[in-house]
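Here the structure comes first, spelled out in C-alpha cells, and everything after it is commentary.
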Amino acid sequence: MKSVIKIINMKSQRDASAIQDAVINSENIITIQTSIKKNEITVIYNDMYISLKKIIDIIEDLGYITIWWLFGNI
C-alpha cells in the first residue's frame, strides 16, 4: 500500500528525521520518503500487518499534525 501523508508542522530536517525514524522502526514499513519542501511523506507498507491509522498515530504521537491521502483501502 502507498499513502501520502501531509505533515503541517514538519519544518526542518530534524522534524523529517524524527518522523522517518519513528515510522521506519515500525514493522511492515517497506520504505518512507520525506519532503520538507512539500511538507509530506510517502510511505509504502504492508497493509496486511499495519494500518494507515497506526502510521498516522505514530506521527501524531510525536506532536505532528497530519492530513493524508490513501491509494487503495485502509
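Chains: A, B, ... in order of the C-alpha cells. Residues: from 1 per chain. Ligands: from 1, in order shown.
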
Excluding Thr31 of chain A and residues on its chain fewer than 2 positions from it, collect all residues at most 7 Å away from it, counting only C-alpha atoms, and give them as a list of chain:residue names.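 Near Thr31 of chain A, the qualifying residues are A:Ile29, A:Gln33, A:Val43, A:Ile44, A:Tyr45.
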
Residues within 12 Å of Tyr49 of chain A, please, as a PyMOL selection string. Count only C-alpha atoms; anything in the same chain fewer than 4 positions from it doesn't count. chain A and resi 1+26-30+45+53-55+74

Strand (DSSP E or B) residues, from DSSP on the backbone, in chain A, as a PyMOL selection string: chain A and resi 2-7+29-35+40-45+66-71

Take the residues from that selection and put them in a file with C-alpha atoms, as a compact mmCIF listing (two decimals), in the first residue's frame.
```
# COMPACT_ATOMS: atom_id res chain seq x y z
CA LYS A 2 1.19 3.51 -0.75
CA SER A 3 0.00 6.56 1.17
CA VAL A 4 0.98 10.22 1.08
CA ILE A 5 0.76 11.98 4.41
CA LYS A 6 0.89 15.78 4.58
CA ILE A 7 2.54 16.95 7.81
CA ILE A 29 7.13 -0.49 6.66
CA ILE A 30 8.80 -1.08 3.30
CA THR A 31 10.04 2.44 2.57
CA ILE A 32 9.45 6.05 3.51
CA GLN A 33 10.39 9.22 1.65
CA THR A 34 10.23 12.66 3.23
CA SER A 35 9.92 16.03 1.52
CA GLU A 40 4.82 15.43 3.24
CA ILE A 41 5.96 11.85 3.48
CA THR A 42 5.24 8.95 1.19
CA VAL A 43 5.01 5.59 2.91
CA ILE A 44 4.91 2.16 1.30
CA TYR A 45 3.85 -0.52 3.76
CA THR A 66 -1.34 15.23 9.59
CA ILE A 67 -3.53 15.23 6.51
CA TRP A 68 -3.38 12.09 4.36
CA TRP A 69 -4.33 10.60 1.03
CA LEU A 70 -4.84 6.91 0.55
CA PHE A 71 -4.03 4.97 -2.62
```

Taking only C-alpha atoms into account, name the residue in A:Ile24, A:Ile65, A:Ala16, A:Ile36 that is nearest to Ile50 of chain A. A:Ile24

Write out as a ChimeraX atom specification the set of residues from segment 31-68 of chain A that DSSP, computed on the backbone, places in helix (DSSP H, G or I). /A:52-61
